[in-house]
Amino acid sequence: MACHSEELGVFAAERVVLSVNPKSINSHRDLLVWQAAMQLATSIESIAVRLPAHERYGLGSQLRRAAASIPANIAEGWARPTRTYIHHVNIALGSEAELQTLLELGQRMNLIASTDAEPALALASQVGRMLRGLSRALKAHLARTNP
């Protein structure tokens, strides 16, 4: 199976917006989903540093790990064959769901203000939608190339 750097045209055909210009995708850094996931991880860091001291190594650590896992799995998957890429996208989706749960938990425990959590939850939802679109495109490509 080929690396995804050789399969770039597939994504545009599937109407999954991955880059401003799909032909210019030379790295995982060019993927809009990776860029959004990096923005999400950065916003989570700003939330985690404002947690009370007693939660910085508990909830704060979990938030950071879940958020960092999303772009990391997109990047790792991009460099792998299609089946493995799908697997990494699914892991990223699991981390996105975990992150949303941790943000909501932090809100319910009055550790994270809604003014901080709501924008992060909205961005996490956007990243989740993008990941599901990427997963659908990869599965469709796999079905066409391996009937």
# chains A, B, ... in the order shown; residues from 1 in each chain; ligands from 1

call {"tool": "residues_around", "arguments": {"residues": "Ile74 of chain A", "least_positions_apart": "5", "cutoff": "7 Å", "atoms": "only C-alpha atoms", "output": "VMD selection string"}}
result
chain A and resid 34 88 to 89 92

call {"tool": "select_by_dssp", "arguments": {"residues": "chain A", "states": "helix (DSSP H, G or I)", "output": "mmCIF file with N, CA and C atoms, in the first residue's frame"}}
result
data_model
loop_
_atom_site.group_PDB
_atom_site.id
_atom_site.type_symbol
_atom_site.label_atom_id
_atom_site.label_comp_id
_atom_site.auth_asym_id
_atom_site.auth_seq_id
_atom_site.Cartn_x
_atom_site.Cartn_y
_atom_site.Cartn_z
ATOM 1 N N HIS A 4 0.264 8.079 2.058
ATOM 2 C CA HIS A 4 -0.750 9.057 1.661
ATOM 3 C C HIS A 4 -0.208 10.228 0.897
ATOM 4 N N SER A 5 1.067 10.451 0.932
ATOM 5 C CA SER A 5 1.610 11.528 0.130
ATOM 6 C C SER A 5 1.417 11.206 -1.352
ATOM 7 N N GLU A 6 1.201 9.934 -1.704
ATOM 8 C CA GLU A 6 0.977 9.522 -3.083
ATOM 9 C C GLU A 6 -0.501 9.470 -3.436
ATOM 10 N N GLY A 9 -4.854 13.172 -4.354
ATOM 11 C CA GLY A 9 -5.991 13.530 -5.174
ATOM 12 C C GLY A 9 -7.292 12.904 -4.699
ATOM 13 N N VAL A 10 -7.226 11.838 -3.963
ATOM 14 C CA VAL A 10 -8.399 11.138 -3.452
ATOM 15 C C VAL A 10 -9.257 12.051 -2.598
ATOM 16 N N PHE A 11 -8.637 12.840 -1.764
ATOM 17 C CA PHE A 11 -9.370 13.622 -0.787
ATOM 18 C C PHE A 11 -10.220 14.699 -1.437
ATOM 19 N N ALA A 12 -9.692 15.382 -2.424
ATOM 20 C CA ALA A 12 -10.469 16.422 -3.102
ATOM 21 C C ALA A 12 -11.680 15.794 -3.771
ATOM 22 N N ALA A 13 -11.502 14.624 -4.348
ATOM 23 C CA ALA A 13 -12.610 13.938 -5.018
ATOM 24 C C ALA A 13 -13.711 13.578 -4.034
ATOM 25 N N PRO A 22 -5.747 21.222 -2.499
ATOM 26 C CA PRO A 22 -5.394 19.827 -2.237
ATOM 27 C C PRO A 22 -4.132 19.352 -2.944
ATOM 28 N N LYS A 23 -3.804 19.929 -4.087
ATOM 29 C CA LYS A 23 -2.599 19.510 -4.793
ATOM 30 C C LYS A 23 -1.333 19.972 -4.073
ATOM 31 N N SER A 24 -1.489 20.902 -3.131
ATOM 32 C CA SER A 24 -0.314 21.412 -2.432
ATOM 33 C C SER A 24 -0.052 20.681 -1.115
ATOM 34 N N HIS A 28 1.566 16.437 6.530
ATOM 35 C CA HIS A 28 0.390 16.487 7.403
ATOM 36 C C HIS A 28 0.105 17.921 7.841
ATOM 37 N N ARG A 29 1.120 18.774 7.842
ATOM 38 C CA ARG A 29 0.953 20.180 8.241
ATOM 39 C C ARG A 29 0.049 20.949 7.285
ATOM 40 N N ASP A 30 -0.106 20.446 6.076
ATOM 41 C CA ASP A 30 -0.953 21.096 5.080
ATOM 42 C C ASP A 30 -2.433 20.738 5.243
ATOM 43 N N LEU A 32 -6.003 20.809 6.769
ATOM 44 C CA LEU A 32 -6.770 21.726 7.612
ATOM 45 C C LEU A 32 -7.191 21.061 8.912
ATOM 46 N N VAL A 33 -7.471 19.772 8.878
ATOM 47 C CA VAL A 33 -7.878 19.072 10.097
ATOM 48 C C VAL A 33 -6.728 19.048 11.102
ATOM 49 N N TRP A 34 -5.510 18.869 10.628
ATOM 50 C CA TRP A 34 -4.347 18.903 11.532
ATOM 51 C C TRP A 34 -4.168 20.305 12.090
ATOM 52 N N GLN A 35 -4.312 21.320 11.251
ATOM 53 C CA GLN A 35 -4.167 22.707 11.695
ATOM 54 C C GLN A 35 -5.209 23.052 12.760
ATOM 55 N N ALA A 36 -6.457 22.623 12.542
ATOM 56 C CA ALA A 36 -7.515 22.879 13.528
ATOM 57 C C ALA A 36 -7.239 22.122 14.822
ATOM 58 N N ALA A 37 -6.736 20.906 14.713
ATOM 59 C CA ALA A 37 -6.413 20.114 15.902
ATOM 60 C C ALA A 37 -5.269 20.748 16.687
ATOM 61 N N MET A 38 -4.308 21.332 15.993
ATOM 62 C CA MET A 38 -3.218 22.041 16.676
ATOM 63 C C MET A 38 -3.750 23.279 17.394
ATOM 64 N N GLN A 39 -4.669 23.990 16.754
ATOM 65 C CA GLN A 39 -5.285 25.159 17.394
ATOM 66 C C GLN A 39 -6.039 24.720 18.648
ATOM 67 N N LEU A 40 -6.742 23.588 18.551
ATOM 68 C CA LEU A 40 -7.465 23.048 19.696
ATOM 69 C C LEU A 40 -6.502 22.718 20.835
ATOM 70 N N ALA A 41 -5.412 22.052 20.529
ATOM 71 C CA ALA A 41 -4.426 21.684 21.564
ATOM 72 C C ALA A 41 -3.861 22.930 22.241
ATOM 73 N N THR A 42 -3.628 23.967 21.475
ATOM 74 C CA THR A 42 -3.124 25.223 22.033
ATOM 75 C C THR A 42 -4.152 25.855 22.964
ATOM 76 N N SER A 43 -5.415 25.835 22.554
ATOM 77 C CA SER A 43 -6.458 26.421 23.408
ATOM 78 C C SER A 43 -6.640 25.613 24.690
ATOM 79 N N ILE A 44 -6.467 24.305 24.609
ATOM 80 C CA ILE A 44 -6.578 23.458 25.803
ATOM 81 C C ILE A 44 -5.440 23.768 26.774
ATOM 82 N N GLU A 45 -4.264 24.021 26.247
ATOM 83 C CA GLU A 45 -3.137 24.376 27.118
ATOM 84 C C GLU A 45 -3.456 25.636 27.911
ATOM 85 N N SER A 46 -4.079 26.613 27.263
ATOM 86 C CA SER A 46 -4.402 27.851 27.979
ATOM 87 C C SER A 46 -5.470 27.621 29.048
ATOM 88 N N ILE A 47 -6.316 26.631 28.857
ATOM 89 C CA ILE A 47 -7.306 26.272 29.882
ATOM 90 C C ILE A 47 -6.619 25.519 31.023
ATOM 91 N N ALA A 48 -5.759 24.574 30.667
ATOM 92 C CA ALA A 48 -5.102 23.722 31.669
ATOM 93 C C ALA A 48 -4.229 24.530 32.631
ATOM 94 N N ALA A 53 -4.365 24.597 41.360
ATOM 95 C CA ALA A 53 -3.119 23.835 41.549
ATOM 96 C C ALA A 53 -3.375 22.349 41.779
ATOM 97 N N HIS A 54 -4.413 22.022 42.553
ATOM 98 C CA HIS A 54 -4.664 20.607 42.867
ATOM 99 C C HIS A 54 -5.167 19.808 41.663
ATOM 100 N N GLU A 55 -5.520 20.466 40.557
ATOM 101 C CA GLU A 55 -5.986 19.759 39.360
ATOM 102 C C GLU A 55 -5.025 19.849 38.184
ATOM 103 N N LEU A 59 -6.708 16.571 36.170
ATOM 104 C CA LEU A 59 -7.522 16.955 35.018
ATOM 105 C C LEU A 59 -6.680 17.684 33.972
ATOM 106 N N GLY A 60 -5.781 18.539 34.411
ATOM 107 C CA GLY A 60 -4.942 19.288 33.472
ATOM 108 C C GLY A 60 -4.113 18.375 32.590
ATOM 109 N N SER A 61 -3.510 17.370 33.192
ATOM 110 C CA SER A 61 -2.702 16.418 32.440
ATOM 111 C C SER A 61 -3.555 15.624 31.458
ATOM 112 N N GLN A 62 -4.723 15.197 31.889
ATOM 113 C CA GLN A 62 -5.617 14.441 31.005
ATOM 114 C C GLN A 62 -6.078 15.290 29.823
ATOM 115 N N LEU A 63 -6.404 16.552 30.088
ATOM 116 C CA LEU A 63 -6.803 17.462 29.009
ATOM 117 C C LEU A 63 -5.676 17.608 27.989
ATOM 118 N N ARG A 64 -4.469 17.838 28.484
ATOM 119 C CA ARG A 64 -3.321 18.026 27.591
ATOM 120 C C ARG A 64 -3.058 16.785 26.747
ATOM 121 N N ARG A 65 -3.095 15.633 27.380
ATOM 122 C CA ARG A 65 -2.809 14.384 26.648
ATOM 123 C C ARG A 65 -3.854 14.098 25.581
ATOM 124 N N ALA A 66 -5.131 14.271 25.925
ATOM 125 C CA ALA A 66 -6.199 14.030 24.946
ATOM 126 C C ALA A 66 -6.080 15.007 23.785
ATOM 127 N N ALA A 67 -5.821 16.281 24.086
ATOM 128 C CA ALA A 67 -5.723 17.297 23.036
ATOM 129 C C ALA A 67 -4.507 17.056 22.139
ATOM 130 N N ALA A 68 -3.372 16.709 22.727
ATOM 131 C CA ALA A 68 -2.157 16.471 21.942
ATOM 132 C C ALA A 68 -2.276 15.214 21.090
ATOM 133 N N SER A 69 -3.055 14.250 21.546
ATOM 134 C CA SER A 69 -3.224 13.000 20.822
ATOM 135 C C SER A 69 -3.904 13.193 19.468
ATOM 136 N N ILE A 70 -4.747 14.191 19.355
ATOM 137 C CA ILE A 70 -5.508 14.380 18.109
ATOM 138 C C ILE A 70 -4.583 14.740 16.942
ATOM 139 N N PRO A 71 -3.835 15.848 17.003
ATOM 140 C CA PRO A 71 -2.960 16.149 15.855
ATOM 141 C C PRO A 71 -1.827 15.132 15.699
ATOM 142 N N ALA A 72 -1.378 14.547 16.815
ATOM 143 C CA ALA A 72 -0.304 13.552 16.728
ATOM 144 C C ALA A 72 -0.753 12.326 15.931
ATOM 145 N N ASN A 73 -1.979 11.879 16.147
ATOM 146 C CA ASN A 73 -2.477 10.715 15.410
ATOM 147 C C ASN A 73 -2.779 11.049 13.951
ATOM 148 N N ILE A 74 -3.216 12.267 13.689
ATOM 149 C CA ILE A 74 -3.411 12.679 12.293
ATOM 150 C C ILE A 74 -2.066 12.639 11.564
ATOM 151 N N ALA A 75 -1.049 13.194 12.201
ATOM 152 C CA ALA A 75 0.290 13.235 11.595
ATOM 153 C C ALA A 75 0.843 11.832 11.377
ATOM 154 N N GLU A 76 0.752 10.995 12.390
ATOM 155 C CA GLU A 76 1.293 9.643 12.259
ATOM 156 C C GLU A 76 0.537 8.857 11.192
ATOM 157 N N GLY A 77 -0.774 8.978 11.199
ATOM 158 C CA GLY A 77 -1.573 8.262 10.213
ATOM 159 C C GLY A 77 -1.288 8.708 8.794
ATOM 160 N N TRP A 78 -1.084 10.004 8.599
ATOM 161 C CA TRP A 78 -0.833 10.535 7.261
ATOM 162 C C TRP A 78 0.376 9.865 6.619
ATOM 163 N N THR A 82 -3.159 3.364 3.948
ATOM 164 C CA THR A 82 -4.554 3.749 4.169
ATOM 165 C C THR A 82 -5.206 3.062 5.368
ATOM 166 N N ARG A 83 -5.086 1.755 5.487
ATOM 167 C CA ARG A 83 -5.731 1.046 6.609
ATOM 168 C C ARG A 83 -5.221 1.568 7.952
ATOM 169 N N THR A 84 -3.948 1.789 8.043
ATOM 170 C CA THR A 84 -3.354 2.289 9.282
ATOM 171 C C THR A 84 -3.756 3.741 9.518
ATOM 172 N N TYR A 85 -3.852 4.507 8.439
ATOM 173 C CA TYR A 85 -4.288 5.899 8.540
ATOM 174 C C TYR A 85 -5.690 5.955 9.130
ATOM 175 N N ILE A 86 -6.579 5.107 8.644
ATOM 176 C CA ILE A 86 -7.953 5.050 9.175
ATOM 177 C C ILE A 86 -7.919 4.735 10.667
ATOM 178 N N HIS A 87 -7.080 3.800 11.050
ATOM 179 C CA HIS A 87 -6.941 3.431 12.462
ATOM 180 C C HIS A 87 -6.529 4.649 13.297
ATOM 181 N N HIS A 88 -5.569 5.419 12.815
ATOM 182 C CA HIS A 88 -5.107 6.598 13.552
ATOM 183 C C HIS A 88 -6.167 7.693 13.582
ATOM 184 N N VAL A 89 -6.925 7.830 12.516
ATOM 185 C CA VAL A 89 -8.027 8.798 12.517
ATOM 186 C C VAL A 89 -9.066 8.386 13.562
ATOM 187 N N ASN A 90 -9.324 7.099 13.676
ATOM 188 C CA ASN A 90 -10.262 6.614 14.696
ATOM 189 C C ASN A 90 -9.743 6.868 16.111
ATOM 190 N N ILE A 91 -8.458 6.716 16.317
ATOM 191 C CA ILE A 91 -7.874 7.028 17.628
ATOM 192 C C ILE A 91 -8.045 8.517 17.915
ATOM 193 N N ALA A 92 -7.795 9.354 16.906
ATOM 194 C CA ALA A 92 -7.966 10.805 17.068
ATOM 195 C C ALA A 92 -9.415 11.130 17.413
ATOM 196 N N LEU A 93 -10.366 10.442 16.789
ATOM 197 C CA LEU A 93 -11.780 10.646 17.116
ATOM 198 C C LEU A 93 -12.072 10.259 18.565
ATOM 199 N N GLY A 94 -11.473 9.187 19.029
ATOM 200 C CA GLY A 94 -11.642 8.793 20.427
ATOM 201 C C GLY A 94 -11.072 9.840 21.375
ATOM 202 N N SER A 95 -9.927 10.394 21.016
ATOM 203 C CA SER A 95 -9.327 11.442 21.841
ATOM 204 C C SER A 95 -10.173 12.702 21.832
ATOM 205 N N GLU A 96 -10.792 13.003 20.702
ATOM 206 C CA GLU A 96 -11.678 14.173 20.615
ATOM 207 C C GLU A 96 -12.884 13.980 21.536
ATOM 208 N N ALA A 97 -13.463 12.791 21.549
ATOM 209 C CA ALA A 97 -14.594 12.508 22.443
ATOM 210 C C ALA A 97 -14.151 12.571 23.909
ATOM 211 N N GLU A 98 -12.971 12.030 24.201
ATOM 212 C CA GLU A 98 -12.429 12.089 25.560
ATOM 213 C C GLU A 98 -12.226 13.540 25.990
ATOM 214 N N LEU A 99 -11.685 14.353 25.101
ATOM 215 C CA LEU A 99 -11.442 15.756 25.409
ATOM 216 C C LEU A 99 -12.747 16.489 25.712
ATOM 217 N N GLN A 100 -13.774 16.247 24.899
ATOM 218 C CA GLN A 100 -15.065 16.891 25.157
ATOM 219 C C GLN A 100 -15.617 16.471 26.518
ATOM 220 N N THR A 101 -15.479 15.209 26.848
ATOM 221 C CA THR A 101 -15.957 14.712 28.140
ATOM 222 C C THR A 101 -15.205 15.382 29.292
ATOM 223 N N LEU A 102 -13.887 15.497 29.162
ATOM 224 C CA LEU A 102 -13.084 16.128 30.215
ATOM 225 C C LEU A 102 -13.430 17.609 30.375
ATOM 226 N N LEU A 103 -13.680 18.288 29.262
ATOM 227 C CA LEU A 103 -14.080 19.701 29.342
ATOM 228 C C LEU A 103 -15.423 19.846 30.057
ATOM 229 N N GLU A 104 -16.369 18.980 29.699
ATOM 230 C CA GLU A 104 -17.680 19.030 30.356
ATOM 231 C C GLU A 104 -17.573 18.674 31.833
ATOM 232 N N LEU A 105 -16.736 17.708 32.151
ATOM 233 C CA LEU A 105 -16.512 17.344 33.551
ATOM 234 C C LEU A 105 -15.921 18.522 34.312
ATOM 235 N N GLY A 106 -14.932 19.174 33.727
ATOM 236 C CA GLY A 106 -14.335 20.342 34.358
ATOM 237 C C GLY A 106 -15.348 21.448 34.600
ATOM 238 N N GLN A 107 -16.271 21.618 33.672
ATOM 239 C CA GLN A 107 -17.341 22.599 33.859
ATOM 240 C C GLN A 107 -18.256 22.199 35.008
ATOM 241 N N ARG A 108 -18.669 20.945 35.026
ATOM 242 C CA ARG A 108 -19.578 20.471 36.076
ATOM 243 C C ARG A 108 -18.953 20.549 37.461
ATOM 244 N N SER A 114 -17.454 28.344 31.753
ATOM 245 C CA SER A 114 -18.094 28.104 30.460
ATOM 246 C C SER A 114 -17.543 29.011 29.374
ATOM 247 N N THR A 115 -17.084 30.190 29.743
ATOM 248 C CA THR A 115 -16.503 31.085 28.745
ATOM 249 C C THR A 115 -15.220 30.509 28.149
ATOM 250 N N ASP A 116 -14.555 29.617 28.870
ATOM 251 C CA ASP A 116 -13.378 28.915 28.356
ATOM 252 C C ASP A 116 -13.768 27.605 27.676
ATOM 253 N N ALA A 117 -14.698 26.881 28.293
ATOM 254 C CA ALA A 117 -15.050 25.552 27.796
ATOM 255 C C ALA A 117 -15.840 25.598 26.493
ATOM 256 N N GLU A 118 -16.779 26.516 26.376
ATOM 257 C CA GLU A 118 -17.663 26.527 25.199
ATOM 258 C C GLU A 118 -16.918 26.701 23.878
ATOM 259 N N PRO A 119 -15.989 27.673 23.766
ATOM 260 C CA PRO A 119 -15.243 27.773 22.501
ATOM 261 C C PRO A 119 -14.395 26.528 22.223
ATOM 262 N N ALA A 120 -13.817 25.954 23.267
ATOM 263 C CA ALA A 120 -13.014 24.743 23.084
ATOM 264 C C ALA A 120 -13.888 23.570 22.659
ATOM 265 N N LEU A 121 -15.081 23.460 23.241
ATOM 266 C CA LEU A 121 -16.011 22.395 22.843
ATOM 267 C C LEU A 121 -16.460 22.577 21.394
ATOM 268 N N ALA A 122 -16.701 23.817 20.994
ATOM 269 C CA ALA A 122 -17.114 24.085 19.610
ATOM 270 C C ALA A 122 -15.997 23.711 18.636
ATOM 271 N N LEU A 123 -14.766 24.064 18.968
ATOM 272 C CA LEU A 123 -13.639 23.713 18.105
ATOM 273 C C LEU A 123 -13.422 22.204 18.079
ATOM 274 N N ALA A 124 -13.586 21.550 19.224
ATOM 275 C CA ALA A 124 -13.456 20.089 19.272
ATOM 276 C C ALA A 124 -14.522 19.431 18.390
ATOM 277 N N SER A 125 -15.735 19.955 18.416
ATOM 278 C CA SER A 125 -16.794 19.412 17.562
ATOM 279 C C SER A 125 -16.452 19.588 16.087
ATOM 280 N N GLN A 126 -15.901 20.749 15.744
ATOM 281 C CA GLN A 126 -15.496 21.005 14.361
ATOM 282 C C GLN A 126 -14.409 20.016 13.936
ATOM 283 N N VAL A 127 -13.424 19.815 14.796
ATOM 284 C CA VAL A 127 -12.349 18.862 14.498
ATOM 285 C C VAL A 127 -12.939 17.459 14.344
ATOM 286 N N GLY A 128 -13.875 17.094 15.198
ATOM 287 C CA GLY A 128 -14.523 15.781 15.099
ATOM 288 C C GLY A 128 -15.238 15.599 13.764
ATOM 289 N N ARG A 129 -15.948 16.634 13.316
ATOM 290 C CA ARG A 129 -16.629 16.554 12.011
ATOM 291 C C ARG A 129 -15.613 16.385 10.883
ATOM 292 N N MET A 130 -14.520 17.120 10.969
ATOM 293 C CA MET A 130 -13.476 17.009 9.946
ATOM 294 C C MET A 130 -12.849 15.612 9.949
ATOM 295 N N LEU A 131 -12.629 15.062 11.127
ATOM 296 C CA LEU A 131 -12.053 13.719 11.231
ATOM 297 C C LEU A 131 -13.007 12.667 10.660
ATOM 298 N N ARG A 132 -14.309 12.822 10.937
ATOM 299 C CA ARG A 132 -15.278 11.866 10.380
ATOM 300 C C ARG A 132 -15.311 11.956 8.855
ATOM 301 N N GLY A 133 -15.197 13.161 8.316
ATOM 302 C CA GLY A 133 -15.128 13.322 6.862
ATOM 303 C C GLY A 133 -13.880 12.685 6.285
ATOM 304 N N LEU A 134 -12.758 12.877 6.954
ATOM 305 C CA LEU A 134 -11.516 12.256 6.521
ATOM 306 C C LEU A 134 -11.630 10.738 6.569
ATOM 307 N N SER A 135 -12.220 10.220 7.617
ATOM 308 C CA SER A 135 -12.401 8.773 7.741
ATOM 309 C C SER A 135 -13.257 8.229 6.597
ATOM 310 N N ARG A 136 -14.357 8.923 6.295
ATOM 311 C CA ARG A 136 -15.227 8.486 5.184
ATOM 312 C C ARG A 136 -14.459 8.494 3.862
ATOM 313 N N ALA A 137 -13.670 9.535 3.622
ATOM 314 C CA ALA A 137 -12.901 9.633 2.380
ATOM 315 C C ALA A 137 -11.866 8.511 2.288
ATOM 316 N N LEU A 138 -11.196 8.237 3.378
ATOM 317 C CA LEU A 138 -10.194 7.166 3.376
ATOM 318 C C LEU A 138 -10.845 5.805 3.148
ATOM 319 N N LYS A 139 -11.985 5.573 3.778
ATOM 320 C CA LYS A 139 -12.688 4.295 3.590
ATOM 321 C C LYS A 139 -13.177 4.147 2.158
ATOM 322 N N ALA A 140 -13.667 5.226 1.565
ATOM 323 C CA ALA A 140 -14.124 5.180 0.172
ATOM 324 C C ALA A 140 -12.954 4.900 -0.753
ATOM 325 N N HIS A 141 -11.819 5.534 -0.480
ATOM 326 C CA HIS A 141 -10.612 5.298 -1.286
ATOM 327 C C HIS A 141 -10.184 3.832 -1.153
ATOM 328 N N LEU A 142 -10.199 3.316 0.035
ATOM 329 C CA LEU A 142 -9.809 1.929 0.274
ATOM 330 C C LEU A 142 -10.739 0.976 -0.470
ATOM 331 N N ALA A 143 -12.038 1.261 -0.453
ATOM 332 C CA ALA A 143 -13.000 0.404 -1.155
ATOM 333 C C ALA A 143 -12.764 0.427 -2.675
ATOM 334 N N ARG A 144 -12.369 1.582 -3.198
ATOM 335 C CA ARG A 144 -12.121 1.681 -4.641
ATOM 336 C C ARG A 144 -10.818 1.005 -5.042
ATOM 337 N N THR A 145 -9.823 1.075 -4.200
ATOM 338 C CA THR A 145 -8.511 0.527 -4.574
ATOM 339 C C THR A 145 -8.334 -0.922 -4.159
#

call {"tool": "atom_distance", "arguments": {"atom1": "atom CA of Pro81 of chain A", "atom2": "atom CA of Pro147 of chain A"}}
result
16.1 Å
